[in-house]
$ cat my_file-v5.cif   # mmCIF, C-alpha atoms and all ligand atoms
data_upload
#
loop_
_atom_site.label_atom_id
_atom_site.label_comp_id
_atom_site.auth_asym_id
_atom_site.auth_seq_id
_atom_site.Cartn_x
_atom_site.Cartn_y
_atom_site.Cartn_z
CA MET A 135 -58.10 -33.54 -44.34
CA THR A 136 -55.89 -32.73 -41.37
CA ILE A 137 -52.74 -34.44 -40.32
CA ALA A 138 -53.33 -35.92 -36.86
CA ARG A 139 -50.22 -37.95 -36.20
CA ILE A 140 -46.49 -37.68 -36.86
CA VAL A 141 -44.45 -40.85 -36.57
CA ALA A 142 -40.73 -41.21 -37.24
CA ASP A 143 -39.16 -44.58 -37.92
CA LYS A 144 -37.28 -45.74 -34.80
CA SER A 145 -34.10 -46.11 -36.84
CA LEU A 146 -34.27 -42.58 -38.25
CA THR A 147 -31.60 -40.14 -37.05
CA ASN A 148 -32.50 -37.17 -39.26
CA LEU A 149 -35.63 -35.73 -37.69
CA THR A 150 -35.54 -32.35 -39.40
CA LEU A 151 -38.59 -32.85 -41.62
CA ALA A 152 -40.53 -34.74 -38.95
CA GLY A 153 -39.79 -31.92 -36.50
CA LYS A 154 -41.00 -29.35 -38.99
CA ALA A 155 -44.22 -31.32 -39.49
CA ALA A 156 -44.74 -31.72 -35.74
CA ALA A 157 -44.34 -27.98 -35.22
CA ARG A 158 -46.70 -27.22 -38.13
CA TYR A 159 -49.51 -29.38 -36.81
CA GLY A 160 -48.85 -28.86 -33.07
CA LEU A 161 -48.09 -32.56 -32.57
CA THR A 162 -45.29 -34.52 -30.96
CA ILE A 163 -43.17 -37.04 -32.84
CA GLU A 164 -43.84 -40.68 -31.99
CA ARG A 165 -41.08 -43.24 -32.57
CA LEU A 166 -42.21 -46.62 -33.97
CA THR A 167 -40.89 -49.11 -36.48
CA LYS A 168 -42.84 -49.50 -39.71
CA ASP A 169 -43.98 -52.96 -38.60
CA GLU A 170 -45.27 -51.63 -35.28
CA LEU A 171 -47.20 -48.84 -36.99
CA VAL A 172 -48.62 -51.17 -39.65
CA ALA A 173 -49.71 -53.68 -36.99
CA GLU A 174 -51.39 -50.95 -34.95
CA ILE A 175 -53.34 -49.43 -37.84
CA THR A 176 -54.29 -52.66 -39.60
CA ALA A 177 -55.87 -53.93 -36.36
CA LEU A 178 -58.52 -51.22 -36.75
CA PRO A 179 -61.81 -51.65 -38.62
CA LEU A 180 -61.33 -51.19 -42.37
CA GLU A 181 -62.82 -47.71 -42.81
CA GLU A 182 -60.88 -46.42 -39.81
CA ARG A 183 -57.67 -47.73 -41.44
CA TYR A 184 -58.36 -45.59 -44.48
CA ARG A 185 -59.08 -42.59 -42.29
CA ARG A 186 -55.79 -43.05 -40.44
CA ALA A 187 -53.91 -43.63 -43.69
CA LYS A 188 -54.83 -40.12 -44.78
CA ARG A 189 -53.94 -38.44 -41.49
CA THR A 190 -50.69 -40.11 -40.44
CA LEU A 191 -47.28 -39.00 -41.67
CA PHE A 192 -44.56 -41.65 -41.36
CA PHE A 193 -41.01 -40.36 -41.81
CA THR A 194 -38.60 -43.05 -42.87
CA THR A 195 -35.82 -43.87 -45.33
CA ARG A 196 -36.39 -45.46 -48.70
CA LYS A 197 -34.40 -48.64 -49.19
CA GLY A 198 -34.84 -49.05 -52.95
CA PRO A 199 -34.30 -46.59 -55.80
CA PHE A 200 -36.48 -43.48 -56.05
CA LEU A 201 -36.36 -43.10 -59.81
CA SER A 202 -38.12 -45.44 -62.21
CA THR A 203 -39.94 -45.46 -65.52
CA CYS A 204 -43.68 -44.97 -65.36
CA ARG A 205 -45.80 -47.99 -64.63
CA CYS A 206 -46.94 -49.20 -68.03
CA PRO A 207 -46.52 -52.92 -67.27
CA SER A 208 -43.67 -54.63 -69.03
CA GLY A 209 -44.85 -57.17 -71.58
CA ALA A 210 -47.94 -55.12 -72.43
CA ASP A 211 -47.50 -53.12 -75.61
CA TYR A 212 -48.81 -49.82 -74.32
CA ARG A 213 -47.33 -46.93 -76.22
CA CYS A 214 -44.95 -45.28 -73.83
CA CYS A 215 -45.11 -41.54 -73.27
CA GLY A 216 -41.56 -41.55 -71.92
CA TYR A 217 -42.40 -40.51 -68.38
CA HIS A 218 -40.31 -41.25 -65.31
CA THR A 219 -41.41 -41.13 -61.72
CA ILE A 220 -39.75 -40.35 -58.40
CA GLN A 221 -41.31 -41.87 -55.30
CA SER A 222 -40.24 -39.46 -52.61
CA VAL A 223 -43.65 -39.74 -50.93
CA SER A 224 -46.06 -42.68 -50.95
CA GLY A 225 -49.54 -41.87 -49.74
CA CYS A 226 -51.88 -38.93 -49.98
CA PRO A 227 -54.10 -36.86 -47.70
CA PHE A 228 -56.79 -36.81 -50.38
CA ASP A 229 -59.15 -39.73 -50.88
CA CYS A 230 -60.19 -40.69 -54.42
CA SER A 231 -62.53 -43.57 -55.10
CA TYR A 232 -60.43 -44.93 -57.98
CA CYS A 233 -57.03 -44.47 -56.29
CA ILE A 234 -54.69 -47.43 -56.39
CA LEU A 235 -53.31 -46.44 -52.97
CA GLN A 236 -56.40 -48.01 -51.40
CA HIS A 237 -54.92 -51.36 -52.38
CA TYR A 238 -51.81 -50.69 -50.33
CA ILE A 239 -53.70 -50.24 -47.06
CA GLY A 240 -52.29 -53.54 -45.82
CA ASN A 241 -48.64 -52.52 -45.85
CA ASN A 242 -48.70 -48.74 -46.20
CA PRO A 243 -51.62 -47.43 -44.10
CA PHE A 244 -50.06 -43.95 -43.78
CA ILE A 245 -48.29 -41.33 -45.84
CA SER A 246 -44.65 -42.40 -46.09
CA ILE A 247 -42.20 -39.56 -46.47
CA PHE A 248 -38.72 -40.67 -47.43
CA VAL A 249 -36.22 -38.33 -45.86
CA ASN A 250 -33.14 -39.68 -47.68
CA ARG A 251 -34.23 -37.86 -50.82
CA GLU A 252 -30.67 -36.54 -51.37
CA THR A 253 -29.87 -39.86 -53.05
CA ILE A 254 -32.20 -38.86 -55.91
CA GLU A 255 -29.49 -36.49 -57.10
CA THR A 256 -27.12 -39.42 -57.65
CA GLU A 257 -29.83 -41.44 -59.41
CA MET A 258 -30.63 -38.52 -61.71
CA ARG A 259 -26.95 -37.98 -62.46
CA GLU A 260 -26.54 -41.65 -63.38
CA HIS A 261 -29.61 -41.48 -65.61
CA LEU A 262 -28.32 -38.37 -67.37
CA VAL A 263 -24.99 -40.02 -68.15
CA LYS A 264 -26.88 -42.36 -70.47
CA HIS A 265 -29.72 -40.10 -71.59
CA ASN A 266 -29.82 -36.59 -72.85
CA HIS A 267 -33.11 -35.59 -71.24
CA ILE A 268 -35.61 -36.82 -68.69
CA ARG A 269 -39.25 -35.97 -68.20
CA VAL A 270 -40.06 -36.84 -64.64
CA GLY A 271 -42.53 -36.20 -61.84
CA THR A 272 -43.48 -37.16 -58.30
CA GLY A 273 -47.20 -37.76 -58.73
CA GLU A 274 -47.44 -41.53 -59.14
CA LEU A 275 -48.16 -42.65 -55.56
CA ALA A 276 -48.83 -39.22 -54.11
CA ASP A 277 -50.25 -35.84 -55.01
CA SER A 278 -47.17 -33.75 -55.80
CA LEU A 279 -48.43 -30.53 -54.24
CA ALA A 280 -50.82 -31.65 -51.48
CA LEU A 281 -48.07 -31.30 -48.85
CA ASP A 282 -45.68 -29.03 -50.71
CA ASP A 283 -46.02 -26.18 -48.23
CA LEU A 284 -44.71 -28.58 -45.57
CA LEU A 285 -42.22 -30.76 -47.46
CA ASP A 286 -41.04 -28.15 -49.97
CA GLU A 287 -40.52 -30.80 -52.61
CA SER A 288 -40.69 -28.16 -55.31
CA GLY A 289 -37.86 -26.24 -53.61
CA PHE A 290 -35.84 -29.41 -53.16
CA PHE A 291 -36.12 -30.59 -56.76
CA LEU A 292 -35.85 -27.24 -58.52
CA SER A 293 -32.73 -26.26 -56.57
CA MET A 294 -31.21 -29.68 -57.28
CA ILE A 295 -31.75 -29.13 -61.02
CA ALA A 296 -30.35 -25.58 -60.90
CA ARG A 297 -27.32 -26.60 -58.79
CA ASN A 298 -26.37 -29.25 -61.34
CA GLY A 299 -26.98 -27.12 -64.42
CA TRP A 300 -29.70 -29.53 -65.65
CA GLU A 301 -32.11 -26.80 -66.75
CA LYS A 302 -32.19 -28.01 -70.35
CA ARG A 303 -31.97 -31.71 -69.52
CA VAL A 304 -34.72 -32.18 -66.94
CA THR A 305 -38.40 -31.37 -67.25
CA PHE A 306 -39.96 -31.80 -63.81
CA GLU A 307 -43.70 -32.10 -63.34
CA PHE A 308 -45.66 -31.62 -60.12
CA LYS A 309 -48.97 -33.35 -60.72
CA THR A 310 -51.88 -32.37 -58.51
CA LYS A 311 -55.59 -32.27 -57.83
CA SER A 312 -55.05 -29.40 -55.42
CA ASP A 313 -54.75 -25.67 -55.93
CA ARG A 314 -51.75 -25.39 -53.59
CA VAL A 315 -49.31 -23.70 -55.93
CA ASP A 316 -47.85 -20.91 -53.74
CA THR A 317 -44.65 -22.76 -52.83
CA LEU A 318 -44.10 -23.90 -56.42
CA ILE A 319 -44.59 -20.41 -57.82
CA ALA A 320 -42.23 -18.89 -55.22
CA THR A 321 -39.63 -21.57 -55.97
CA HIS A 322 -39.95 -21.02 -59.70
CA GLN A 323 -39.24 -17.34 -59.16
CA ARG A 324 -35.94 -18.31 -57.52
CA HIS A 325 -35.07 -20.74 -60.35
CA PRO A 326 -36.80 -19.33 -63.44
CA ALA A 327 -34.58 -21.26 -65.88
CA VAL A 328 -35.59 -24.66 -64.50
CA ASP A 329 -38.15 -26.37 -66.73
CA CYS A 330 -40.90 -27.17 -64.26
CA VAL A 331 -44.49 -28.01 -65.07
CA ALA A 332 -47.56 -27.79 -62.85
CA GLY A 333 -49.77 -30.68 -63.97
CA PHE A 334 -53.47 -30.44 -63.09
CA THR A 335 -55.62 -33.53 -63.21
CA LEU A 336 -59.10 -32.48 -64.25
CA THR A 337 -62.39 -34.15 -63.66
CA LEU A 338 -66.05 -33.27 -63.92
CA ASP A 339 -67.51 -31.34 -61.01
CA ARG A 340 -69.93 -34.18 -60.28
CA PHE A 341 -67.02 -36.55 -59.61
CA HIS A 342 -65.09 -34.03 -57.56
CA ALA A 343 -67.92 -34.05 -55.04
CA THR A 344 -68.41 -37.80 -54.87
CA ASP A 345 -65.10 -39.38 -55.81
CA GLU A 346 -62.23 -37.02 -54.97
CA ILE A 347 -62.55 -36.11 -51.32
CA GLY A 348 -60.30 -33.32 -50.08
CA THR A 349 -59.15 -32.22 -53.53
CA ALA A 350 -59.73 -28.72 -54.88
CA PRO A 351 -62.88 -28.03 -56.91
CA VAL A 352 -62.18 -28.08 -60.64
CA LEU A 353 -62.55 -24.32 -61.05
CA ALA A 354 -60.03 -23.79 -58.25
CA ARG A 355 -57.58 -26.09 -60.08
CA LEU A 356 -58.08 -24.08 -63.27
CA HIS A 357 -57.58 -20.85 -61.35
CA ALA A 358 -54.35 -22.28 -59.90
CA ALA A 359 -53.27 -23.28 -63.41
CA ALA A 360 -53.87 -19.72 -64.59
CA ARG A 361 -51.81 -18.38 -61.67
CA CYS A 362 -48.95 -20.73 -62.54
CA ALA A 363 -49.01 -19.70 -66.19
CA ALA A 364 -49.08 -16.00 -65.25
CA ALA A 365 -46.03 -16.61 -63.04
CA GLY A 366 -44.16 -18.27 -65.92
CA VAL A 367 -44.67 -21.90 -64.83
CA ARG A 368 -45.69 -24.20 -67.69
CA VAL A 369 -48.91 -26.11 -67.16
CA ALA A 370 -50.12 -29.60 -68.06
CA PHE A 371 -53.66 -30.93 -68.05
CA HIS A 372 -54.53 -34.56 -67.40
CA PHE A 373 -58.05 -35.67 -68.24
CA ASP A 374 -57.68 -38.90 -66.35
CA PRO A 375 -59.57 -40.96 -65.40
CA LEU A 376 -62.20 -40.15 -68.02
CA VAL A 377 -65.47 -41.76 -67.01
CA MET A 378 -66.60 -43.03 -70.38
CA GLN A 379 -70.33 -43.14 -70.04
CA GLU A 380 -72.12 -41.56 -73.03
CA GLN A 381 -73.96 -38.96 -70.97
CA PHE A 382 -70.68 -37.37 -69.84
CA LEU A 383 -69.02 -36.83 -73.21
CA ASP A 384 -70.36 -33.30 -73.78
CA ASP A 385 -69.36 -32.34 -70.23
CA TYR A 386 -65.80 -33.48 -70.89
CA ARG A 387 -65.67 -31.49 -74.12
CA LEU A 388 -66.85 -28.45 -72.19
CA LEU A 389 -64.24 -29.07 -69.51
CA ALA A 390 -61.48 -29.34 -72.13
CA ALA A 391 -62.60 -26.05 -73.68
CA GLN A 392 -62.70 -24.43 -70.23
CA ALA A 393 -59.17 -25.61 -69.44
CA LEU A 394 -57.80 -24.32 -72.73
CA ASP A 395 -59.44 -20.95 -72.15
CA ALA A 396 -57.85 -20.73 -68.70
CA VAL A 397 -54.19 -20.51 -69.74
CA PRO A 398 -52.27 -19.10 -72.72
CA HIS A 399 -51.63 -21.99 -75.09
CA GLU A 400 -47.89 -21.40 -75.29
CA LYS A 401 -47.77 -22.18 -71.57
CA ILE A 402 -49.25 -25.67 -72.04
CA ALA A 403 -46.49 -28.26 -71.83
CA TRP A 404 -48.67 -31.29 -72.54
CA ILE A 405 -52.16 -32.73 -72.23
CA SER A 406 -52.96 -36.35 -71.53
CA LEU A 407 -56.12 -38.40 -71.88
CA GLY A 408 -56.71 -41.63 -70.00
CA GLY A 409 -59.85 -43.68 -69.55
CA LEU A 410 -60.90 -45.09 -66.19
CA ARG A 411 -59.17 -48.45 -65.74
CA HIS A 412 -58.92 -50.66 -62.74
CA THR A 413 -58.66 -54.23 -61.57
CA VAL A 414 -61.65 -56.40 -60.70
CA SER A 415 -60.76 -56.21 -57.02
CA MET A 416 -60.75 -52.44 -57.31
CA THR A 417 -64.33 -52.56 -58.62
CA ASP A 418 -65.39 -54.35 -55.46
CA LEU A 419 -63.50 -51.92 -53.31
CA ILE A 420 -65.04 -48.87 -55.02
CA ARG A 421 -68.52 -50.32 -54.60
CA ARG A 422 -67.91 -51.12 -50.95
CA ARG A 423 -66.17 -47.92 -49.90
CA TRP A 424 -67.93 -45.53 -52.28
CA PRO A 425 -71.60 -46.56 -52.53
CA ALA A 426 -72.59 -43.17 -53.99
CA SER A 427 -70.01 -43.39 -56.77
CA THR A 428 -71.28 -43.94 -60.31
CA LEU A 429 -67.83 -44.68 -61.70
CA THR A 430 -68.32 -48.41 -61.98
CA LEU A 431 -71.75 -48.25 -63.63
CA GLY A 432 -70.49 -48.37 -67.24
CA GLU A 433 -69.60 -51.64 -68.96
CA MET A 434 -65.94 -52.59 -68.58
CA PHE A 435 -63.94 -55.35 -70.25
CA PRO A 436 -60.74 -57.05 -69.05
CA SER A 437 -57.44 -56.72 -70.84
CA ALA A 438 -55.25 -59.81 -71.11
CA ASP A 439 -52.10 -57.71 -70.64
CA ASP A 440 -52.60 -56.05 -67.28
CA HIS A 441 -55.88 -57.64 -66.15
CA LYS A 442 -57.44 -54.22 -65.83
CA LEU A 443 -61.00 -53.46 -66.82
CA ARG A 444 -61.54 -50.78 -69.44
CA PRO A 445 -64.55 -49.51 -71.41
CA PHE A 446 -65.05 -51.13 -74.82
CA ALA A 447 -62.37 -49.96 -77.28
CA PRO A 448 -64.75 -48.23 -79.76
CA LEU A 449 -66.22 -46.21 -76.89
CA ARG A 450 -62.74 -45.25 -75.68
CA ALA A 451 -61.76 -44.19 -79.18
CA ARG A 452 -64.92 -42.10 -79.48
CA PHE A 453 -64.22 -40.28 -76.21
CA TYR A 454 -60.56 -39.68 -77.01
CA ARG A 455 -61.34 -38.50 -80.56
CA ALA A 456 -64.09 -36.14 -79.42
CA ILE A 457 -61.98 -34.56 -76.69
CA ALA A 458 -58.92 -34.37 -78.97
CA GLU A 459 -61.10 -32.64 -81.56
CA THR A 460 -62.19 -30.05 -78.99
CA ILE A 461 -58.59 -29.49 -78.00
CA ARG A 462 -57.53 -29.08 -81.63
CA LYS A 463 -60.09 -26.31 -82.09
CA HIS A 464 -57.95 -24.35 -79.61
CA ILE A 465 -54.49 -25.70 -80.47
CA PRO A 466 -54.16 -27.15 -83.99
CA GLU A 467 -51.24 -29.46 -83.08
CA PRO A 468 -51.57 -30.05 -79.35
CA PRO A 469 -48.86 -31.81 -77.31
CA LEU A 470 -51.33 -34.58 -76.61
CA TYR A 471 -50.85 -38.21 -75.61
CA LEU A 472 -52.88 -41.15 -74.35
CA CYS A 473 -52.12 -42.81 -71.04
CA MET A 474 -51.79 -46.61 -70.95
CA GLU A 475 -53.23 -47.22 -74.39
CA LYS A 476 -51.86 -49.39 -77.16
CA GLU A 477 -50.65 -48.36 -80.59
CA PHE A 478 -53.98 -49.28 -82.22
CA MET A 479 -55.81 -46.78 -80.01
CA TRP A 480 -53.36 -43.99 -80.86
CA GLU A 481 -53.98 -44.79 -84.53
CA ARG A 482 -57.75 -44.83 -84.11
CA VAL A 483 -57.69 -41.47 -82.41
CA GLY A 484 -55.37 -40.11 -85.10
CA GLY A 485 -53.35 -36.92 -85.29
CA LEU A 486 -51.45 -37.46 -82.04
CA LYS A 487 -48.05 -35.87 -82.59
CA TRP A 488 -46.56 -36.77 -79.21
CA ASN A 489 -42.93 -37.72 -79.57
CA HIS A 490 -41.39 -39.05 -76.43
CA SER A 491 -37.92 -39.72 -77.87
CA ARG A 492 -36.60 -36.56 -76.21
CA SER A 493 -37.53 -38.02 -72.84
CA ILE A 494 -35.79 -41.38 -72.74
S1 LIG B 1 -55.01 -37.26 -55.44
FE1 LIG B 1 -54.02 -38.96 -56.53
S2 LIG B 1 -52.74 -39.99 -55.01
FE2 LIG B 1 -54.20 -38.68 -53.90
S3 LIG B 1 -55.93 -40.04 -53.39
FE3 LIG B 1 -56.41 -39.01 -55.34
S4 LIG B 1 -55.69 -40.41 -56.96
FE4 LIG B 1 -54.73 -41.03 -55.02
#

$ encode --input "my_file-v5.cif" --output "C-alpha cells" --more "lines below"
Ligand code: SF4
Amino acid sequence: MTIARIVADKSLTNLTLAGKAAARYGLTIERLTKDELVAEITALPLEERYRRAKRTLFFTTRKGPFLSTCRCPSGADYRCCGYHTIQSVSGCPFDCSYCILQHYIGNNPFISIFVNRETIETEMREHLVKHNHIRVGTGELADSLALDDLLDESGFFLSMIARNGWEKRVTFEFKTKSDRVDTLIATHQRHPAVDCVAGFTLTLDRFHATDEIGTAPVLARLHAAARCAAAGVRVAFHFDPLVMQEQFLDDYRLLAAQALDAVPHEKIAWISLGGLRHTVSMTDLIRRRWPASTLTLGEMFPSADDHKLRPFAPLRARFYRAIAETIRKHIPEPPLYLCMEKEFMWERVGGLKWNHSRSI
C-alpha cells in the first residue's frame, strides 16, 4: 500500500510531521478540516472509500486522552490481562478482513495521526503516580510499526521512557503484522534499558494471502521477531484471531511450534491467544468486502455481554488447550493469556499462570 495523499487539519500549526511525510512520499500538504475531508471521501463509492482510507494520512490534534485501558467492555466479566493502549494513530495502511477499523469508515476514512503526542507524557506521569507499573502499547486502532520509519513512534516513546527514568515502570509493546523493525531495533540500541516489546500477530499463511492485505508474510514476521530478539528486544506473539474451524487446528499447532523455534524463549515477553470474534454487522461486511474469505464459514454464537459472535465455547476451549499444550512443550510455564475470554474459559484451558497485577 502506498500513501497517496497528505492532509493537515486546517487548524494545525505544527506541520513538522506532515512536512516529513510529504517529503517522504513526494506529495504536497493539503489543508482541510476533518469534516471537509470526511465529506469528500464518504461521497465516493464504498470500496473506493476503503481504498482512500488506507492511502490518506490526516495530521491533526487529538482532543481526548490518548491513554486508556484495553477495550474489554465494561460490564462484561472478561478476565483482564491488564493492558493499556495509547491511540497516537488511528487507521492503518494494511487491510484485514476482520479489522474493526472498517466500521469507522463513516467518520475516520483515513489514517489519523495525532501530532500533539507530547501530552502522552503527562498522562503517563499521572498514571504512574497511582500505579507502580504499566503495560501499554499503540496497536489497538493501528499497526504499531507499519509507519514507524516515517513517524518514529518507537523513538518518541522509548526516549520519553528513558528521559523520565521509567525503565522499570513501563513495558511498551509495538504490536505489528509487518516486518518493519529497523527503526525499533535502532531505537532500542540507543535506549537498551527501556523495556520494549515487539509484538507479532501471527496467522496461518492461507489467511495472510486472503485476509491480511499488505501485511508481511508469516515467515517474514518470524524472521523479524528473530532479528528483534538477536538485537535484545523482547518479543511477544499473538495468535489472534484464531480461526476455529477443525481443519485448521493442526496448522495452528505447527505455527505455534514454528514461532517458539524462531526466538530464544527467554526473549519471549508474553503470548496471547484469541479466537475470531466480531459483531453481526461485521459478518455482513466481511462477506460483502471479502468474498474469497473463509473466516465466517464456521458456526458462531452471540454473547449477551458484548453482542459479538464467537465459536461455540467447547470448540474455543479445545483450540486454546491444544495450542497451549504445544506451547508448553517448548516452555513449561509460558507467559500465556487469553484475549477477551471469561474466567470459565481460563479455567477450562487450565494452567494459565498470567498475572496481570503488576500491570495495573
Ligand atoms: S494490521 Fe491491524 S489495524 Fe491494520 S488493518 Fe490489520 S487488523 Fe486492522

$ residues_around --input "my_file-v5.cif" --residues "Leu394 in chain A" --least-positions-apart "2" --cutoff "10 Å" --atoms "only C-alpha atoms" --output "PyMOL selection string"
chain A and resi 356+371+388-392+396-399+402+460-461+463-465

$ closest_residue --input "my_file-v5.cif" --among "A:Arg368, A:His267, A:His237, A:His218" --to "ligand LIG 1 (chain B)" --atoms "all atoms listed in the file"
A:His237

$ closest_residue --input "my_file-v5.cif" --among "A:Gly153, A:Gly240, A:Gly409, A:Gly198" --to "Leu180 in chain A" --atoms "only C-alpha atoms"
A:Gly240

$ residues_near_ligand --input "my_file-v5.cif" --ligand "ligand LIG 1 (chain B)" --cutoff "10 Å" --atoms "all atoms listed in the file" --output "PyMOL selection string"
chain A and resi 188+223-236+273-280+309-312+335+345-350+374-375

$ atom_distance --input "my_file-v5.cif" --atom1 "CA of Val172 in chain A" --atom2 "CA of Lys442 in chain A"
27.8 Å

$ residues_around --input "my_file-v5.cif" --residues "Ala187 in chain A" --least-positions-apart "5" --cutoff "8 Å" --atoms "all atoms listed in the file" --output "list in words"
Gly225, Pro227, Ile239, Asn242, Pro243, Phe244 and Ile245 of chain A

$ decode --input "my_file-v5.cif" --residues "range 397-412 of chain A" --atoms "N, CA and C atoms" --output "PDB file, in the first residue's frame"
ATOM      1  N   VAL A 397      12.670 -17.856  18.181  1.00  0.00           N
ATOM      2  CA  VAL A 397      13.349 -16.931  19.103  1.00  0.00           C
ATOM      3  C   VAL A 397      13.727 -17.659  20.403  1.00  0.00           C
ATOM      4  N   PRO A 398      14.820 -17.241  21.035  1.00  0.00           N
ATOM      5  CA  PRO A 398      15.157 -17.861  22.334  1.00  0.00           C
ATOM      6  C   PRO A 398      14.030 -17.603  23.327  1.00  0.00           C
ATOM      7  N   HIS A 399      13.679 -18.608  24.097  1.00  0.00           N
ATOM      8  CA  HIS A 399      12.484 -18.496  24.945  1.00  0.00           C
ATOM      9  C   HIS A 399      12.593 -17.405  26.004  1.00  0.00           C
ATOM     10  N   GLU A 400      13.819 -17.139  26.452  1.00  0.00           N
ATOM     11  CA  GLU A 400      13.966 -16.094  27.481  1.00  0.00           C
ATOM     12  C   GLU A 400      13.665 -14.710  26.903  1.00  0.00           C
ATOM     13  N   LYS A 401      13.580 -14.622  25.595  1.00  0.00           N
ATOM     14  CA  LYS A 401      13.268 -13.332  24.963  1.00  0.00           C
ATOM     15  C   LYS A 401      11.760 -13.161  24.732  1.00  0.00           C
ATOM     16  N   ILE A 402      10.970 -14.161  25.099  1.00  0.00           N
ATOM     17  CA  ILE A 402       9.524 -14.057  24.877  1.00  0.00           C
ATOM     18  C   ILE A 402       8.870 -13.400  26.096  1.00  0.00           C
ATOM     19  N   ALA A 403       8.301 -12.228  25.864  1.00  0.00           N
ATOM     20  CA  ALA A 403       7.682 -11.478  26.965  1.00  0.00           C
ATOM     21  C   ALA A 403       6.317 -12.061  27.309  1.00  0.00           C
ATOM     22  N   TRP A 404       5.503 -12.332  26.299  1.00  0.00           N
ATOM     23  CA  TRP A 404       4.211 -12.951  26.523  1.00  0.00           C
ATOM     24  C   TRP A 404       3.657 -13.492  25.206  1.00  0.00           C
ATOM     25  N   ILE A 405       2.648 -14.341  25.364  1.00  0.00           N
ATOM     26  CA  ILE A 405       1.969 -14.943  24.211  1.00  0.00           C
ATOM     27  C   ILE A 405       0.475 -14.833  24.504  1.00  0.00           C
ATOM     28  N   SER A 406      -0.290 -14.407  23.517  1.00  0.00           N
ATOM     29  CA  SER A 406      -1.735 -14.362  23.747  1.00  0.00           C
ATOM     30  C   SER A 406      -2.460 -15.210  22.715  1.00  0.00           C
ATOM     31  N   LEU A 407      -3.615 -15.706  23.125  1.00  0.00           N
ATOM     32  CA  LEU A 407      -4.490 -16.468  22.231  1.00  0.00           C
ATOM     33  C   LEU A 407      -5.852 -15.788  22.234  1.00  0.00           C
ATOM     34  N   GLY A 408      -6.417 -15.612  21.059  1.00  0.00           N
ATOM     35  CA  GLY A 408      -7.750 -15.010  20.984  1.00  0.00           C
ATOM     36  C   GLY A 408      -8.497 -15.567  19.777  1.00  0.00           C
ATOM     37  N   GLY A 409      -9.703 -16.013  20.001  1.00  0.00           N
ATOM     38  CA  GLY A 409     -10.497 -16.548  18.899  1.00  0.00           C
ATOM     39  C   GLY A 409     -11.094 -15.420  18.059  1.00  0.00           C
ATOM     40  N   LEU A 410     -11.398 -15.720  16.824  1.00  0.00           N
ATOM     41  CA  LEU A 410     -12.093 -14.747  15.964  1.00  0.00           C
ATOM     42  C   LEU A 410     -13.418 -14.360  16.626  1.00  0.00           C
ATOM     43  N   ARG A 411     -13.682 -13.089  16.730  1.00  0.00           N
ATOM     44  CA  ARG A 411     -14.928 -12.595  17.325  1.00  0.00           C
ATOM     45  C   ARG A 411     -15.301 -11.328  16.597  1.00  0.00           C
ATOM     46  N   HIS A 412     -16.554 -11.180  16.326  1.00  0.00           N
ATOM     47  CA  HIS A 412     -16.980  -9.968  15.636  1.00  0.00           C
ATOM     48  C   HIS A 412     -18.480  -9.796  15.759  1.00  0.00           C
TER      49      HIS A 412
END
